[in-house]
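This is data21.cif. It holds mmCIF, C-alpha atoms and all ligand atoms.
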```
data_data
loop_
_atom_site.group_PDB
_atom_site.id
_atom_site.type_symbol
_atom_site.label_atom_id
_atom_site.label_comp_id
_atom_site.auth_asym_id
_atom_site.auth_seq_id
_atom_site.Cartn_x
_atom_site.Cartn_y
_atom_site.Cartn_z
ATOM 1 C CA MET U 238 -116.501 -19.354 -38.179
ATOM 2 C CA ARG U 239 -117.361 -17.390 -41.292
ATOM 3 C CA THR U 240 -117.402 -14.181 -39.329
ATOM 4 C CA LYS U 241 -113.931 -14.845 -38.001
ATOM 5 C CA ILE U 242 -112.571 -15.603 -41.437
ATOM 6 C CA LEU U 243 -114.043 -12.449 -42.844
ATOM 7 C CA LEU U 244 -112.865 -10.329 -39.943
ATOM 8 C CA ALA U 245 -109.406 -11.839 -40.157
ATOM 9 C CA LEU U 246 -109.276 -10.959 -43.824
ATOM 10 C CA PHE U 247 -110.518 -7.517 -43.092
ATOM 11 C CA PHE U 248 -107.962 -6.771 -40.420
ATOM 12 C CA LEU U 249 -105.181 -8.291 -42.441
ATOM 13 C CA ALA U 250 -106.369 -6.019 -45.173
ATOM 14 C CA CYS U 251 -106.186 -2.999 -42.884
ATOM 15 C CA GLY U 252 -102.608 -3.900 -42.026
ATOM 16 C CA GLY U 253 -101.862 -4.398 -45.686
ATOM 17 C CA ARG U 254 -103.318 -1.087 -46.658
ATOM 18 C CA LYS U 255 -100.991 0.789 -44.338
ATOM 19 C CA THR U 256 -98.157 -0.283 -46.570
ATOM 20 C CA LEU U 257 -100.401 -0.207 -49.634
ATOM 21 C CA ALA U 258 -99.022 -3.541 -50.685
ATOM 22 C CA ALA U 259 -101.850 -5.646 -51.949
ATOM 23 C CA ASP U 260 -105.341 -6.203 -53.169
ATOM 24 C CA VAL U 261 -108.030 -6.792 -50.543
ATOM 25 C CA THR U 262 -110.530 -9.628 -50.960
ATOM 26 C CA PHE U 263 -113.891 -10.104 -49.295
ATOM 27 C CA VAL U 264 -115.041 -13.694 -49.696
ATOM 28 C CA ASP U 265 -117.838 -15.941 -48.448
ATOM 29 C CA SER U 266 -118.427 -19.600 -49.283
ATOM 30 C CA LEU U 267 -120.386 -20.551 -46.136
ATOM 31 C CA PHE U 268 -123.058 -17.827 -45.865
ATOM 32 C CA ASN U 269 -123.934 -17.835 -42.195
ATOM 33 C CA ASP U 270 -127.197 -15.945 -41.898
ATOM 34 C CA SER U 271 -125.655 -13.561 -39.333
ATOM 35 C CA ASP U 272 -123.133 -12.360 -41.936
ATOM 36 C CA TRP U 273 -125.777 -11.096 -44.362
ATOM 37 C CA SER U 274 -128.648 -8.589 -44.373
ATOM 38 C CA ALA U 275 -131.283 -8.582 -47.089
ATOM 39 C CA GLN U 276 -134.294 -6.515 -48.033
ATOM 40 C CA ILE U 277 -136.428 -5.645 -51.037
ATOM 41 C CA VAL U 278 -135.125 -2.282 -52.217
ATOM 42 C CA HIS U 279 -137.550 -1.751 -55.053
ATOM 43 C CA THR U 280 -140.624 -3.189 -56.723
ATOM 44 C CA ILE U 281 -142.432 -2.362 -59.946
ATOM 45 C CA ASN U 282 -146.157 -3.032 -60.132
ATOM 46 C CA HIS U 283 -147.058 -3.771 -63.748
ATOM 47 C CA ASN U 284 -150.666 -3.205 -62.758
ATOM 48 C CA ALA U 285 -151.999 -5.363 -65.587
ATOM 49 C CA CYS U 286 -154.048 -7.841 -63.564
ATOM 50 C CA GLY U 287 -154.346 -6.450 -60.064
ATOM 51 C CA THR U 288 -152.449 -9.500 -58.788
ATOM 52 C CA PHE U 289 -149.154 -7.753 -57.910
ATOM 53 C CA HIS U 290 -147.084 -9.721 -55.439
ATOM 54 C CA ALA U 291 -143.405 -9.532 -54.398
ATOM 55 C CA GLU U 292 -141.604 -11.352 -51.616
ATOM 56 C CA PHE U 293 -138.401 -13.280 -51.051
ATOM 57 C CA THR U 294 -136.606 -15.618 -48.671
ATOM 58 C CA ALA U 295 -132.841 -15.911 -48.177
ATOM 59 C CA PHE U 296 -130.976 -18.231 -45.829
ATOM 60 C CA GLN U 297 -128.012 -20.577 -45.457
ATOM 61 C CA VAL U 298 -128.355 -24.193 -46.607
ATOM 62 C CA LEU U 299 -125.555 -26.454 -45.373
ATOM 63 C CA THR U 300 -125.338 -28.884 -48.294
ATOM 64 C CA GLY U 301 -125.768 -28.775 -52.047
ATOM 65 C CA GLY U 302 -123.554 -25.758 -52.670
ATOM 66 C CA ASP U 303 -120.413 -25.589 -54.785
ATOM 67 C CA PRO U 304 -119.436 -27.277 -52.525
ATOM 68 C CA GLY U 305 -121.081 -27.433 -49.103
ATOM 69 C CA ALA U 306 -123.015 -24.521 -47.686
ATOM 70 C CA TYR U 307 -124.530 -21.810 -49.869
ATOM 71 C CA ARG U 308 -127.124 -19.037 -49.639
ATOM 72 C CA HIS U 309 -130.518 -20.151 -50.888
ATOM 73 C CA VAL U 310 -132.906 -17.519 -52.263
ATOM 74 C CA THR U 311 -136.499 -17.673 -53.451
ATOM 75 C CA HIS U 312 -138.531 -15.015 -55.221
ATOM 76 C CA THR U 313 -142.331 -15.064 -55.271
ATOM 77 C CA PHE U 314 -143.868 -12.555 -57.662
ATOM 78 C CA ALA U 315 -146.808 -11.751 -59.896
ATOM 79 C CA ASP U 316 -147.718 -8.915 -62.249
ATOM 80 C CA GLY U 317 -144.507 -7.033 -61.592
ATOM 81 C CA GLU U 318 -140.854 -7.063 -60.545
ATOM 82 C CA LEU U 319 -138.835 -7.274 -57.361
ATOM 83 C CA PHE U 320 -135.262 -6.217 -56.591
ATOM 84 C CA VAL U 321 -133.515 -7.579 -53.493
ATOM 85 C CA ALA U 322 -130.286 -6.277 -51.954
ATOM 86 C CA HIS U 323 -128.161 -8.803 -50.027
ATOM 87 C CA LEU U 324 -125.358 -6.978 -48.181
ATOM 88 C CA ASN U 325 -122.407 -8.624 -46.459
ATOM 89 C CA ASN U 326 -122.163 -7.181 -42.959
ATOM 90 C CA HIS U 327 -118.334 -7.208 -43.008
ATOM 91 C CA ALA U 328 -117.500 -6.217 -46.591
ATOM 92 C CA ILE U 329 -117.118 -2.487 -46.026
ATOM 93 C CA TRP U 330 -114.514 -0.287 -47.705
ATOM 94 C CA ASN U 331 -113.958 3.253 -46.490
ATOM 95 C CA PRO U 332 -112.065 5.146 -49.207
ATOM 96 C CA VAL U 333 -111.049 7.906 -46.788
ATOM 97 C CA THR U 334 -109.044 5.479 -44.648
ATOM 98 C CA ASP U 335 -108.612 2.531 -47.028
ATOM 99 C CA GLY U 336 -107.785 4.468 -50.198
ATOM 100 C CA GLY U 337 -109.376 5.137 -53.554
ATOM 101 C CA ILE U 338 -110.381 2.156 -55.701
ATOM 102 C CA SER U 339 -108.624 1.561 -59.007
ATOM 103 C CA GLN U 340 -110.476 -1.624 -60.054
ATOM 104 C CA ILE U 341 -112.748 -4.358 -58.711
ATOM 105 C CA LEU U 342 -112.718 -8.052 -59.596
ATOM 106 C CA TYR U 343 -115.847 -10.090 -58.931
ATOM 107 C CA SER U 344 -116.650 -13.791 -58.960
ATOM 108 C CA GLN U 345 -119.761 -15.763 -58.002
ATOM 109 C CA ASP U 346 -121.289 -19.205 -58.519
ATOM 110 C CA VAL U 347 -125.050 -19.260 -59.078
ATOM 111 C CA ASN U 348 -127.471 -22.131 -59.589
ATOM 112 C CA TYR U 349 -131.003 -21.527 -60.894
ATOM 113 C CA LEU U 350 -132.431 -24.498 -59.039
ATOM 114 C CA SER U 351 -136.008 -24.401 -60.224
ATOM 115 C CA GLY U 352 -138.653 -22.100 -61.559
ATOM 116 C CA PRO U 353 -141.384 -21.742 -64.133
ATOM 117 C CA GLY U 354 -140.523 -22.990 -67.600
ATOM 118 C CA ALA U 355 -141.319 -19.813 -69.509
ATOM 119 C CA PRO U 356 -141.578 -17.018 -68.906
ATOM 120 C CA PRO U 357 -139.420 -16.106 -66.998
ATOM 121 C CA PHE U 358 -136.906 -18.912 -67.036
ATOM 122 C CA ALA U 359 -134.113 -16.834 -65.617
ATOM 123 C CA VAL U 360 -132.946 -15.013 -62.518
ATOM 124 C CA GLY U 361 -130.680 -12.013 -62.131
ATOM 125 C CA TYR U 362 -127.751 -12.150 -59.693
ATOM 126 C CA ASP U 363 -125.645 -9.020 -59.811
ATOM 127 C CA LEU U 364 -122.645 -7.635 -57.992
ATOM 128 C CA LEU U 365 -124.078 -5.001 -55.657
ATOM 129 C CA LEU U 366 -122.550 -2.132 -53.782
ATOM 130 C CA LYS U 367 -124.223 0.395 -51.524
ATOM 131 C CA GLN U 368 -122.765 3.860 -51.093
ATOM 132 C CA GLY U 369 -124.635 6.432 -49.055
ATOM 133 C CA SER U 370 -128.290 5.666 -49.664
ATOM 134 C CA GLU U 371 -127.788 4.458 -53.245
ATOM 135 C CA TYR U 372 -127.408 0.951 -54.664
ATOM 136 C CA TYR U 373 -125.251 0.205 -57.722
ATOM 137 C CA ILE U 374 -125.102 -3.051 -59.678
ATOM 138 C CA SER U 375 -123.182 -4.850 -62.414
ATOM 139 C CA LEU U 376 -125.473 -7.277 -64.237
ATOM 140 C CA PHE U 377 -125.518 -11.075 -64.630
ATOM 141 C CA THR U 378 -128.415 -13.365 -65.598
ATOM 142 C CA TYR U 379 -128.682 -17.122 -64.972
ATOM 143 C CA THR U 380 -130.821 -19.783 -66.580
ATOM 144 C CA GLN U 381 -129.043 -23.097 -65.840
ATOM 145 C CA ASP U 382 -129.914 -25.538 -63.061
ATOM 146 C CA VAL U 383 -126.261 -26.312 -62.334
ATOM 147 C CA TRP U 384 -123.625 -24.235 -60.584
ATOM 148 C CA VAL U 385 -122.277 -21.675 -63.050
ATOM 149 C CA ASN U 386 -119.305 -19.441 -62.263
ATOM 150 C CA SER U 387 -119.292 -15.861 -63.517
ATOM 151 C CA GLN U 388 -116.474 -13.386 -63.188
ATOM 152 C CA ARG U 389 -115.808 -9.844 -64.109
ATOM 153 C CA SER U 390 -112.493 -8.038 -63.872
ATOM 154 C CA SER U 391 -111.258 -4.486 -64.290
ATOM 155 C CA LEU U 392 -114.525 -3.004 -63.036
ATOM 156 C CA THR U 393 -114.392 0.739 -62.489
ATOM 157 C CA ALA U 394 -117.076 3.098 -61.213
ATOM 158 C CA ASN U 395 -118.320 3.540 -64.787
ATOM 159 C CA ASP U 396 -119.180 -0.171 -65.012
ATOM 160 C CA PHE U 397 -121.885 0.198 -62.344
ATOM 161 C CA THR U 398 -125.467 1.266 -62.863
ATOM 162 C CA ARG U 399 -127.518 2.978 -60.184
ATOM 163 C CA LEU U 400 -130.298 0.605 -59.258
ATOM 164 C CA PHE U 401 -132.898 3.030 -57.996
ATOM 165 C CA GLY U 402 -133.024 5.815 -55.548
ATOM 166 C CA THR U 403 -133.432 4.475 -52.052
ATOM 167 C CA PHE U 404 -136.832 2.862 -51.956
ATOM 168 C CA GLY U 405 -137.731 4.394 -55.259
ATOM 169 C CA ILE U 406 -136.665 7.943 -54.532
ATOM 170 C CA PRO U 407 -134.563 9.171 -57.472
ATOM 171 C CA GLY U 408 -131.811 11.738 -57.381
ATOM 172 C CA GLY U 409 -128.516 10.201 -56.233
ATOM 173 C CA PRO U 410 -125.326 10.148 -58.295
ATOM 174 C CA ASP U 411 -125.516 7.883 -61.371
ATOM 175 C CA LYS U 412 -122.152 6.268 -60.605
ATOM 176 C CA PRO U 413 -120.453 5.288 -57.342
ATOM 177 C CA ASP U 414 -117.574 7.435 -56.091
ATOM 178 C CA PHE U 415 -114.345 5.396 -55.972
ATOM 179 C CA SER U 416 -112.196 8.403 -55.094
ATOM 180 C CA LYS U 417 -110.315 8.750 -51.828
ATOM 181 C CA SER U 418 -112.937 11.232 -50.618
ATOM 182 C CA GLY U 419 -115.921 8.971 -51.379
ATOM 183 C CA PRO U 420 -118.330 7.740 -48.663
ATOM 184 C CA PRO U 421 -117.964 4.170 -47.323
ATOM 185 C CA ILE U 422 -118.957 1.353 -49.678
ATOM 186 C CA GLN U 423 -120.635 -1.899 -48.606
ATOM 187 C CA PHE U 424 -120.558 -4.896 -50.954
ATOM 188 C CA GLY U 425 -123.002 -7.726 -51.547
ATOM 189 C CA PHE U 426 -125.139 -9.055 -54.354
ATOM 190 C CA HIS U 427 -128.485 -8.258 -55.872
ATOM 191 C CA THR U 428 -131.233 -10.646 -56.997
ATOM 192 C CA ARG U 429 -134.141 -9.807 -59.283
ATOM 193 C CA ASN U 430 -137.104 -11.307 -61.075
ATOM 194 C CA GLY U 431 -140.182 -10.078 -62.881
ATOM 195 C CA ALA U 432 -143.249 -11.378 -64.662
ATOM 196 C CA ASP U 433 -145.776 -9.989 -67.089
ATOM 197 C CA GLY U 434 -148.305 -12.716 -66.428
ATOM 198 C CA CYS U 435 -151.148 -12.640 -63.921
ATOM 199 C CA ASN U 436 -150.061 -15.891 -62.297
ATOM 200 C CA THR U 437 -147.871 -16.057 -59.211
ATOM 201 C CA TYR U 438 -144.387 -17.418 -59.966
ATOM 202 C CA VAL U 439 -141.777 -18.839 -57.618
ATOM 203 C CA THR U 440 -138.098 -19.052 -58.564
ATOM 204 C CA ASP U 441 -135.638 -20.989 -56.455
ATOM 205 C CA HIS U 442 -131.870 -20.411 -56.662
ATOM 206 C CA GLY U 443 -128.633 -20.007 -54.771
ATOM 207 C CA ILE U 444 -125.201 -18.385 -54.645
ATOM 208 C CA ASP U 445 -121.833 -19.720 -53.508
ATOM 209 C CA ASN U 446 -118.216 -18.539 -53.513
ATOM 210 C CA TRP U 447 -119.080 -14.863 -53.511
ATOM 211 C CA GLN U 448 -115.835 -12.906 -53.891
ATOM 212 C CA VAL U 449 -115.033 -9.225 -54.286
ATOM 213 C CA THR U 450 -111.411 -8.182 -54.767
ATOM 214 C CA ILE U 451 -110.545 -4.517 -54.461
ATOM 215 C CA HIS U 452 -107.458 -3.139 -56.130
ATOM 216 C CA PRO U 453 -106.711 0.111 -54.334
ATOM 217 C CA CYS U 454 -105.254 3.105 -56.115
ATOM 218 C CA ASP U 455 -102.393 5.069 -54.623
ATOM 219 C CA CYS U 456 -99.991 7.362 -56.459
ATOM 220 C CA PRO U 457 -98.052 8.956 -53.621
ATOM 221 C CA ARG U 458 -95.447 10.947 -55.563
ATOM 222 C CA GLN U 459 -96.300 11.632 -59.201
ATOM 223 C CA GLY U 460 -93.502 13.653 -60.791
ATOM 224 C CA ASP U 461 -91.228 13.280 -57.777
ATOM 225 C CA LEU U 462 -88.758 10.841 -59.267
ATOM 226 C CA ALA U 463 -85.972 12.173 -57.097
ATOM 227 C CA GLN U 464 -88.115 11.414 -54.025
ATOM 228 C CA ASN U 465 -87.300 14.577 -52.125
ATOM 229 C CA GLY U 466 -90.890 15.717 -51.605
ATOM 230 C CA VAL U 467 -90.876 18.590 -54.118
ATOM 231 C CA ILE U 468 -90.993 18.889 -57.900
ATOM 232 C CA ASP U 469 -87.719 20.522 -58.928
ATOM 233 C CA VAL U 470 -85.014 20.550 -61.579
ATOM 234 C CA ASN U 471 -83.927 17.028 -60.706
ATOM 235 C CA ASP U 472 -87.378 15.721 -61.547
ATOM 236 C CA VAL U 473 -87.479 17.692 -64.779
ATOM 237 C CA LEU U 474 -84.182 16.157 -65.854
ATOM 238 C CA ALA U 475 -85.422 12.688 -64.869
ATOM 239 C CA VAL U 476 -88.615 13.045 -66.931
ATOM 240 C CA ILE U 477 -86.579 14.327 -69.918
ATOM 241 C CA LYS U 478 -84.426 11.201 -69.697
ATOM 242 C CA VAL U 479 -87.472 8.930 -69.542
ATOM 243 C CA ALA U 480 -89.111 10.697 -72.461
ATOM 244 C CA PHE U 481 -86.099 10.905 -74.784
ATOM 245 C CA ILE U 482 -83.224 8.607 -73.806
ATOM 246 C CA ASN U 483 -84.789 5.593 -72.143
ATOM 247 C CA GLY U 484 -84.126 6.825 -68.609
ATOM 248 C CA THR U 485 -85.301 4.897 -65.581
ATOM 249 C CA ASP U 486 -88.883 5.556 -64.574
ATOM 250 C CA VAL U 487 -90.474 4.831 -61.167
ATOM 251 C CA GLN U 488 -93.587 2.673 -60.901
ATOM 252 C CA ASP U 489 -95.434 2.781 -57.572
ATOM 253 C CA PRO U 490 -97.109 -0.595 -56.975
ATOM 254 C CA LEU U 491 -100.702 0.610 -56.643
ATOM 255 C CA CYS U 492 -100.496 3.387 -59.221
ATOM 256 C CA PRO U 493 -101.750 2.769 -62.782
ATOM 257 C CA LYS U 494 -99.186 5.227 -64.229
ATOM 258 C CA THR U 495 -95.484 5.717 -63.745
ATOM 259 C CA ARG U 496 -94.234 8.786 -61.871
ATOM 260 C CA SER U 497 -92.949 10.398 -65.070
ATOM 261 C CA ASN U 498 -96.389 10.374 -66.654
ATOM 262 C CA VAL U 499 -97.220 13.657 -64.962
ATOM 263 C CA ASN U 500 -100.056 14.598 -67.348
ATOM 264 C CA ASN U 501 -101.686 11.153 -66.907
ATOM 265 C CA LEU U 502 -102.131 10.909 -70.681
ATOM 266 C CA GLY U 503 -100.673 8.411 -73.132
ATOM 267 C CA PRO U 504 -96.970 7.562 -72.880
ATOM 268 C CA VAL U 505 -94.251 9.625 -71.218
ATOM 269 C CA ASP U 506 -93.383 12.134 -73.919
ATOM 270 C CA VAL U 507 -92.644 15.774 -74.650
ATOM 271 C CA ASN U 508 -96.004 16.808 -73.221
ATOM 272 C CA ASP U 509 -95.014 15.415 -69.822
ATOM 273 C CA VAL U 510 -91.717 17.299 -70.059
ATOM 274 C CA LEU U 511 -93.524 20.560 -70.817
ATOM 275 C CA TYR U 512 -95.986 19.874 -68.006
ATOM 276 C CA ILE U 513 -93.360 19.260 -65.329
ATOM 277 C CA ILE U 514 -91.279 22.241 -66.453
ATOM 278 C CA LYS U 515 -94.291 24.420 -65.682
ATOM 279 C CA THR U 516 -94.814 22.682 -62.348
ATOM 280 C CA ALA U 517 -91.202 23.142 -61.346
ATOM 281 C CA PHE U 518 -90.457 26.633 -62.680
ATOM 282 C CA SER U 519 -93.574 28.644 -63.501
ATOM 283 C CA ASN U 520 -96.174 27.828 -60.882
ATOM 284 C CA GLY U 521 -97.937 25.256 -63.075
ATOM 285 C CA PRO U 522 -100.348 22.759 -61.595
ATOM 286 C CA ALA U 523 -99.151 19.725 -59.668
ATOM 287 C CA PRO U 524 -98.851 16.429 -61.581
ATOM 288 C CA VAL U 525 -102.225 14.883 -62.373
ATOM 289 C CA ASN U 526 -103.239 12.194 -59.857
ATOM 290 C CA PRO U 527 -104.192 9.062 -61.870
ATOM 291 C CA CYS U 528 -106.383 7.752 -59.033
ATOM 292 C CA PRO U 529 -110.127 8.349 -59.289
HETATM 293 CA CA CA Z 601 -119.876 -23.313 -50.234
HETATM 294 CA CA CA Z 602 -97.983 11.416 -70.594
#
```

Could I get this structure in the form of structure tokens?
Amino acid sequence: MRTKILLALFFLACGGRKTLAADVTFVDSLFNDSDWSAQIVHTINHNACGTFHAEFTAFQVLTGGDPGAYRHVTHTFADGELFVAHLNNHAIWNPVTDGGISQILYSQDVNYLSGPGAPPFAVGYDLLLKQGSEYYISLFTYTQDVWVNSQRSSLTANDFTRLFGTFGIPGGPDKPDFSKSGPPIQFGFHTRNGADGCNTYVTDHGIDNWQVTIHPCDCPRQGDLAQNGVIDVNDVLAVIKVAFINGTDVQDPLCPKTRSNVNNLGPVDVNDVLYIIKTAFSNGPAPVNPCP
């Protein structure tokens, strides 16, 4: 059931992207085990006691979520830290075919069901994406034994932190590539715990209503207000009107800037006029693409 819903969303999304009409949302509130893959992607051995331990479980529980089914996770750890990647098997975005990403919105409900009193009376649940062999996260921490919703909007590539090189090998890019030429991106969430003590700790928690919304970026014709496929005198005149006499600009629906803002800086002003004059008449560069 969950798989069908996700696939339906995905294919609807594909259809939508052809016309570049809308955001695309990956969502799961049921968490069938077959829809998710999970593994420990990194551990840190504090090596203080010789008792290092790191393992996890993750599976669907049909009741007790927010509401109904949710994904239940446990961490067992001692004298160190563990980092677990949970990837949704269907939440894959291929920028080459699906478009560059302008922004991401994220929402999740997390419940820290039980764990040691202190320390560490907390668990980390982060938005996760995997691109190439690298994992990137945006951080959240939970301490409450009730369902708590967290959201983040307007996330760009700069809002993500590289978790670790694959299995501890450093060297990948520090930020994900949201441009149209970037490698495919798979979304999920990341869970983490750590302890300084020599005892073994178990934390017990869950996630529900996991939701990633992708706002694609597409600026098909910057500078081409006359919509004839080239930058010419008509476009120069149009940008002059926008800059100086309140002329009509063109806003493409998935583009963060209007077509007249050919330098992709500030408002439409004399600098855009000078820029497009060079484009049209003296072999200047094409209008700046506002997409990443
Ligand atoms: Ca649910
Ligand atoms: Ca400008």

Test item: the PyMOL selection byres (((not hetatm)) within 9 of (chain Z and resi 601)) resolved as a ChimeraX atom specification: /U:265-268,299-308,444-446

Residue IDs satisfying the PyMOL selection byres (((not hetatm)) within 12 of (chain Z and resi 602)), as a ChimeraX atom specification: /U:459-460,476-477,479-480,494-513,524-527

For Cys456 (chain U): contacts at 7 Å, only C-alpha atoms, fewer than 6 positions along chain excluded, given as an mmCIF file with C-alpha atoms, in the coordinates of the input:
```cif
data_model
loop_
_atom_site.group_PDB
_atom_site.id
_atom_site.type_symbol
_atom_site.label_atom_id
_atom_site.label_comp_id
_atom_site.auth_asym_id
_atom_site.auth_seq_id
_atom_site.Cartn_x
_atom_site.Cartn_y
_atom_site.Cartn_z
ATOM 1 C CA ASP U 489 -95.434 2.781 -57.572
ATOM 2 C CA LEU U 491 -100.702 0.610 -56.643
ATOM 3 C CA CYS U 492 -100.496 3.387 -59.221
ATOM 4 C CA ASN U 526 -103.239 12.194 -59.857
ATOM 5 C CA CYS U 528 -106.383 7.752 -59.033
#
```

Straight-line distance linking CA of His309 (chain U) with CA of Thr294 (chain U), stated in Å to one decimal: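 About the pair CA of His309 (chain U) and CA of Thr294 (chain U): they are 7.9 Å apart.
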
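If you look at CA of Asp270 (chain U) and CA of Ala295 (chain U), they are 8.4 Å away from each other.
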
Would you give me, as a tab-separated table, each residue of region 422-496 of chain U having an atom within 10 Å of an atom of region 368-375 of chain U, along with its shortest atom pair and that distance in Å to one decimal, using only C-alpha atoms and sorting by chain and residue number?
```
residue	atom	partner	partner_atom	distance
U:Ile422	CA	U:Gln368	CA	4.8
U:Gln423	CA	U:Gln368	CA	6.6
U:Phe424	CA	U:Gln368	CA	9.0
U:Gly425	CA	U:Ile374	CA	9.6
U:Phe426	CA	U:Ile374	CA	8.0
U:His427	CA	U:Ile374	CA	7.3
```

Residue with smallest distance to Asn395 (chain U) - pool U:Leu324, U:Ile341, U:Ala475, U:Val278, counting only C-alpha atoms: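 Closest residue, counting only C-alpha atoms: U:Ile341.
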
Point-to-point distance from CA of Ala432 (chain U) to CA of Leu319 (chain U), Å rounded to tenths: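 Between CA of Ala432 (chain U) and CA of Leu319 (chain U) the gap is 9.5 Å.
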
Explicit residues for the PyMOL selection byres (((chain U and resi 420) around 8) and not hetatm) (as a list in words):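 With the PyMOL selection byres (((chain U and resi 420) around 8) and not hetatm) on this model, the match is Asn331, Pro332, Val333, Gln368, Gly369, Asp414, Ser418, Gly419, Pro421 and Ile422 of chain U.
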
Counting all atoms listed in the file, the option among U:Asn325, U:Ser387, U:Val487, U:Val310 closest to Ser271 (chain U):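 Looking only at the distances to Ser271 (chain U), the closest residue turns out to be U:Asn325.
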
Expected answer as a PDB file with C-alpha atoms, keeping the file's coordinate frame: all residues with atoms within 9 Å of (-146.5, -0.7, -59.3), all atoms listed in the file:
```
ATOM      1  CA  THR U 280    -140.624  -3.189 -56.723  1.00  0.00           C
ATOM      2  CA  ILE U 281    -142.432  -2.362 -59.946  1.00  0.00           C
ATOM      3  CA  ASN U 282    -146.157  -3.032 -60.132  1.00  0.00           C
ATOM      4  CA  HIS U 283    -147.058  -3.771 -63.748  1.00  0.00           C
ATOM      5  CA  ASN U 284    -150.666  -3.205 -62.758  1.00  0.00           C
ATOM      6  CA  PHE U 289    -149.154  -7.753 -57.910  1.00  0.00           C
ATOM      7  CA  ASP U 316    -147.718  -8.915 -62.249  1.00  0.00           C
ATOM      8  CA  GLY U 317    -144.507  -7.033 -61.592  1.00  0.00           C
ATOM      9  CA  GLU U 318    -140.854  -7.063 -60.545  1.00  0.00           C
TER      10      GLU U 318
END
```

Could you work out an axis-aligned box for region 508-520 of chain U, taking every atom the file lists and adding 6 Å on each side, and report centre and edge lengths in Å to one decimal, as lines of an AutoDock Vina configuration file?
```
center_x = -93.3
center_y = 22.0
center_z = -67.1
size_x = 17.7
size_y = 25.2
size_z = 24.3
```

Select, counting only C-alpha atoms, all protein, DNA and RNA residues no farther than 6 Å from (-110.9, 9.4, -58.7) in file coordinates, and express the selection as a PDB file with C-alpha atoms, in the frame of the given file.
```pdb
ATOM      1  CA  PHE U 415    -114.345   5.396 -55.972  1.00  0.00           C
ATOM      2  CA  SER U 416    -112.196   8.403 -55.094  1.00  0.00           C
ATOM      3  CA  CYS U 528    -106.383   7.752 -59.033  1.00  0.00           C
ATOM      4  CA  PRO U 529    -110.127   8.349 -59.289  1.00  0.00           C
TER       5      PRO U 529
END
```

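Shortest atom-to-atom contact with Pro453 (chain U) among U:Tyr379, U:Trp330, U:Phe293, U:Phe314: U:Trp330, counting only C-alpha atoms.
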
Which of U:Tyr343, U:Trp273, U:Trp384, U:Phe320 sits closest to Gly361 (chain U) [using only C-alpha atoms]: U:Phe320

Which of U:Thr311, U:Cys454, U:Lys367, U:Gln340 sits closest to Lys417 (chain U) [using only C-alpha atoms]: U:Cys454

Spatial neighbours of Tyr349 (chain U), 6 Å, all atoms listed in the file, chain gap at least 4 places, as a PyMOL selection string: chain U and resi 380-382+442
